[in-house]
Amino acid sequence: MEPNNAPEQGQNKYTKLAGNTMIFAISSFSSKLLTLIVQPFLTYAMRDVQSMGVSKLLSQCANLLIPLVSMGMSNAIIRFGLDKGNSKKQVFTNGLLTILLGYAVLLLCWPLLSLAPGIGDYGVFLCIYVLTSCLRTLCTQFIRSRELNRLVGIDGVLCTFATLMFYVLYLVVLDMGAEGYLLAIICGDVTSSLFLFFTGKLWRYIDFGRINGALWREMLRFSLPMIPAQISFWIINASDMFFVNAMCEGYGGRTGAEWSGLLSTGYFLPTILNTLGTIFYDAWQLSAVTEEKGRSHFFSTVFRSYASVMFCCAAGILWLCRPVMLIMKSSYFDAWQFVPYLTLAAVFTCFTQFMNSIYVVYKRSTHSLYTMMAGAVANCIMNYLGILWFGPVGVTYASFLAMVLVFVLRALDSRQMLRLRLHPVHMTVNVAFLVIEAAITLAEVPLYGLWTGLLCGVVILYNFDGVWAMGRAILPRLLGRRAAPLVAWVDGVVEKIYH
């Protein structure tokens with residue numbers, strides 16, 4: 001992150017970001033690693049491809065309800081919790097009260113919601129899933145706002161292990177299918193929430209007798225626009241499965257549920273990028289809000305390195321996507337065709353998330369809403385046309401283009417708040433390389449593995465200086481003083497090649 005160009009006294013901000021990133025890597029990576037490990041496991045544990053599709057559709061239904069029930073409060077908890085002038089007890093109490101009120105509304109409306117096709121049979125599980133997920137997010141975000149980052153890391157490992165064990169119990173031992181899939185996630189969230197509640201002594205921060213109405217209204221003004229923004233994000237990322245399920249019945253001799261099952265399996269590798277993005281963003285939120293001096297330069301420097309890492313990882317995924325998908329049950333192998341453009345979409349998802357941190361810092365949540373809604377509308381239109389023109393894989397093109405649209409809109413809109421340098425030539429060249437690599441993979445040209453491997457190498461060389469800028473901030477945290485000779489040597493090589 002270009003520490004050489006930063007003032008010596010400013011180094012602590014990069015060191016702090018690197019340290020927080022490592023701590024959240026333990027938490028987030030362990031929990032996301034569960035997804036990477038479990039996805040192949042699920043292809044064997046679930047009864048068939050159709051059961052997988054049903055499970056994922058139910059999970060996405062819950063993800064749609066969660067921001068409605070929580071009223072977007074998870075975003076406000078960490079933003080207002082980090083403000084030194086706010087009472088943390090009042091922030092946590094307001095967040096908990098909001099979730100309880102939102103859940104009461106959900107229960108009142110449930111008789112109508114349960115009429116939706118396919119939901120009625122799983123109503124109890126979905127209701128519990130939504131509540132436990134909201135409570136876990138509340139506890140986790142509040143612990144982060146108190147900057148108890150090591151506790152978050154421990155919780156991530158615990159939740160990962162617990163959920164994995166519940167998957168084995170409900171899917172393998174009890175063979176409960178879709179119900180077992182939901183129940184395992186519920187039990188994992190409960191385990192995490194109880195751990196954080198008692199180790200973080202969160203009962204001390206609950207006081208319904210002293211509700212700060214002014215703070216609550218301010219938190220709601222910030223969080224409520226996040227609801228349609230989160231729903232719009234859900235539309236871009238999850239509506240694909242519903243479009244495929246509805247429009248691809250009988251396509252290629254498969255049912256719509258089977259195609260949605262393959263599509264959900266196709267997210268397996270792009271999840272790696274989303275994992276890296278989540279790890280970084282959890283740490284970045286703290287630095288973005290608390291580091292006020294030289295903010296424009298700080299944001300620009302960090303984004304350049306972050307983008308370089310994302311582009312290199314995406315190039316590697318595109319190169320290896322077909323051979324890696326061989327670890328799935330054979331009936332799931334065709335999911336590889338969804339990977340290339342889902343990977344590109346994941347890259348820009350991470351970039352739009354970074355741009356959203358600007359809105360968080362300046363408390364402009366409505367801007368997040370407008371930009372994400374534009375992407376959601378475009379995504380739905382392109383999903384429909386993409387399936388008509390290209391079949392099920394068309395939804396991946398739609399997701400990629402929708403996220404590019406959101407990123408461009410946020411890049412233009414955020415300039416009135418922060419002068420962020422996005423290095424457009426660097427971005428355009430990298431995207432061109434990745435699109436060519438994706439096209440070669442999908443076309444299955446002769447020796448495609450060789451050509452995509454060469455392109456991957458070109459992308460890594462082109463971005464190595466940016467990747468190394470992040471690496472030289474992290475290595476001293478990992479190796480201490482022993483990192484100095486390595487850092488000095490690589491600095492010399494980078495200087496000769498790139499300057």
# chains A, B, ... in the order shown; residues from 1 in each chain; ligands from 1
>>> residues_around(residues="Leu401 of chain A", least_positions_apart="5", cutoff="12 Å", atoms="only C-alpha atoms", output="list of chain:residue names")
A:Ile236, A:Asn237, A:Tyr341, A:Leu342, A:Leu344, A:Ala345, A:Ala346, A:Val347, A:Phe348, A:Thr349, A:Ala374, A:Gly375, A:Ala376, A:Val377, A:Ala378, A:Asn379, A:Cys380, A:Ile381, A:Met382, A:Asn383, A:Gly386, A:Gly394, A:Val395, A:Thr396, A:Val406, A:Phe407, A:Val408, A:Val431, A:Val435
>>> residues_around(residues="Trp216 of chain A", least_positions_apart="5", cutoff="8 Å", atoms="only C-alpha atoms", output="number ranges by chain")
A: 91, 94, 211
>>> closest_residue(among="A:Thr93, A:Thr163, A:Gln416, A:Thr371", to="Ser296 of chain A", atoms="only C-alpha atoms")
A:Gln416
>>> closest_residue(among="A:Cys350, A:Leu107, A:Cys313, A:Ala398", to="Asn274 of chain A", atoms="only C-alpha atoms")
A:Cys350
>>> closest_residue(among="A:Thr278, A:Ser357, A:Ser300, A:Thr352", to="Leu409 of chain A", atoms="only C-alpha atoms")
A:Thr352
>>> residues_around(residues="Tyr251 of chain A", least_positions_apart="5", cutoff="10 Å", atoms="only C-alpha atoms", output="PDB file with C-alpha atoms, in the first residue's frame")
ATOM      1  CA  VAL A 244     -32.944 -19.693 -13.817  1.00  0.00           C
ATOM      2  CA  GLY A 256     -35.235 -25.354 -13.380  1.00  0.00           C
ATOM      3  CA  TRP A 259     -30.090 -25.537 -13.167  1.00  0.00           C
ATOM      4  CA  GLY A 391     -29.427 -19.889 -21.781  1.00  0.00           C
ATOM      5  CA  PRO A 392     -28.741 -20.288 -18.038  1.00  0.00           C
TER       6      PRO A 392
END
>>> atom_distance(atom1="atom CA of Ile436 of chain A", atom2="atom CA of Val404 of chain A")
16.5 Å
>>> residues_around(residues="Arg221 of chain A", least_positions_apart="2", cutoff="12 Å", atoms="only C-alpha atoms", output="JSON, numbers by chain")
{"A": [71, 72, 73, 75, 76, 80, 214, 215, 216, 217, 218, 219, 223, 224, 225, 226, 227, 363, 364, 365, 366]}
>>> residues_around(residues="Ala307 of chain A", least_positions_apart="6", cutoff="9 Å", atoms="only C-alpha atoms", output="JSON, numbers by chain")
{"A": [347, 350, 351, 427, 463, 466, 467]}
>>> write_last_selection(atoms="all heavy atoms", output="mmCIF file, in the first residue's frame")
data_model
loop_
_atom_site.group_PDB
_atom_site.id
_atom_site.type_symbol
_atom_site.label_atom_id
_atom_site.label_comp_id
_atom_site.auth_asym_id
_atom_site.auth_seq_id
_atom_site.Cartn_x
_atom_site.Cartn_y
_atom_site.Cartn_z
ATOM 1 N N VAL A 347 -15.337 -9.732 -8.522
ATOM 2 C CA VAL A 347 -14.310 -8.684 -8.460
ATOM 3 C C VAL A 347 -14.964 -7.322 -8.283
ATOM 4 O O VAL A 347 -14.587 -6.530 -7.407
ATOM 5 C CB VAL A 347 -13.439 -8.701 -9.741
ATOM 6 C CG1 VAL A 347 -12.532 -7.471 -9.781
ATOM 7 C CG2 VAL A 347 -12.596 -9.960 -9.808
ATOM 8 N N CYS A 350 -16.600 -6.662 -4.904
ATOM 9 C CA CYS A 350 -15.626 -6.205 -3.905
ATOM 10 C C CYS A 350 -15.294 -4.725 -4.098
ATOM 11 O O CYS A 350 -15.149 -3.981 -3.117
ATOM 12 C CB CYS A 350 -14.354 -7.044 -3.989
ATOM 13 S SG CYS A 350 -14.570 -8.775 -3.529
ATOM 14 N N PHE A 351 -15.197 -4.297 -5.353
ATOM 15 C CA PHE A 351 -14.894 -2.885 -5.611
ATOM 16 C C PHE A 351 -16.043 -1.973 -5.185
ATOM 17 O O PHE A 351 -15.824 -0.898 -4.624
ATOM 18 C CB PHE A 351 -14.599 -2.674 -7.101
ATOM 19 C CG PHE A 351 -13.319 -3.313 -7.571
ATOM 20 C CD1 PHE A 351 -13.053 -3.453 -8.926
ATOM 21 C CD2 PHE A 351 -12.367 -3.769 -6.675
ATOM 22 C CE1 PHE A 351 -11.885 -4.032 -9.376
ATOM 23 C CE2 PHE A 351 -11.183 -4.361 -7.104
ATOM 24 C CZ PHE A 351 -10.943 -4.495 -8.461
ATOM 25 N N MET A 427 -7.215 -0.220 -14.451
ATOM 26 C CA MET A 427 -8.457 -0.995 -14.324
ATOM 27 C C MET A 427 -8.883 -1.566 -15.669
ATOM 28 O O MET A 427 -9.223 -2.752 -15.783
ATOM 29 C CB MET A 427 -9.569 -0.100 -13.768
ATOM 30 C CG MET A 427 -9.351 0.408 -12.363
ATOM 31 S SD MET A 427 -9.741 -0.830 -11.103
ATOM 32 C CE MET A 427 -11.511 -0.901 -11.257
ATOM 33 N N ASN A 463 0.455 -6.614 -12.181
ATOM 34 C CA ASN A 463 -0.060 -6.108 -10.902
ATOM 35 C C ASN A 463 0.861 -6.342 -9.720
ATOM 36 O O ASN A 463 0.491 -6.025 -8.587
ATOM 37 C CB ASN A 463 -1.417 -6.772 -10.595
ATOM 38 C CG ASN A 463 -2.524 -6.313 -11.513
ATOM 39 O OD1 ASN A 463 -3.102 -5.253 -11.336
ATOM 40 N ND2 ASN A 463 -2.807 -7.112 -12.535
ATOM 41 N N GLY A 466 1.565 -3.547 -7.144
ATOM 42 C CA GLY A 466 0.447 -3.253 -6.257
ATOM 43 C C GLY A 466 0.251 -4.320 -5.202
ATOM 44 O O GLY A 466 -0.037 -4.025 -4.039
ATOM 45 N N VAL A 467 0.418 -5.588 -5.609
ATOM 46 C CA VAL A 467 0.289 -6.698 -4.658
ATOM 47 C C VAL A 467 1.385 -6.608 -3.598
ATOM 48 O O VAL A 467 1.141 -6.799 -2.401
ATOM 49 C CB VAL A 467 0.361 -8.051 -5.387
ATOM 50 C CG1 VAL A 467 0.362 -9.208 -4.386
ATOM 51 C CG2 VAL A 467 -0.814 -8.198 -6.358
#
>>> closest_residue(among="A:Val124, A:Leu202, A:Ala469, A:Val425", to="Leu182 of chain A", atoms="only C-alpha atoms")
A:Val124
>>> residues_around(residues="Phe142 of chain A", least_positions_apart="3", cutoff="8 Å", atoms="only C-alpha atoms", output="number ranges by chain")
A: 77-78, 81, 92, 138-139, 145-146
>>> residues_around(residues="Gly449 of chain A", least_positions_apart="3", cutoff="7 Å", atoms="only C-alpha atoms", output="count of residues only")
3
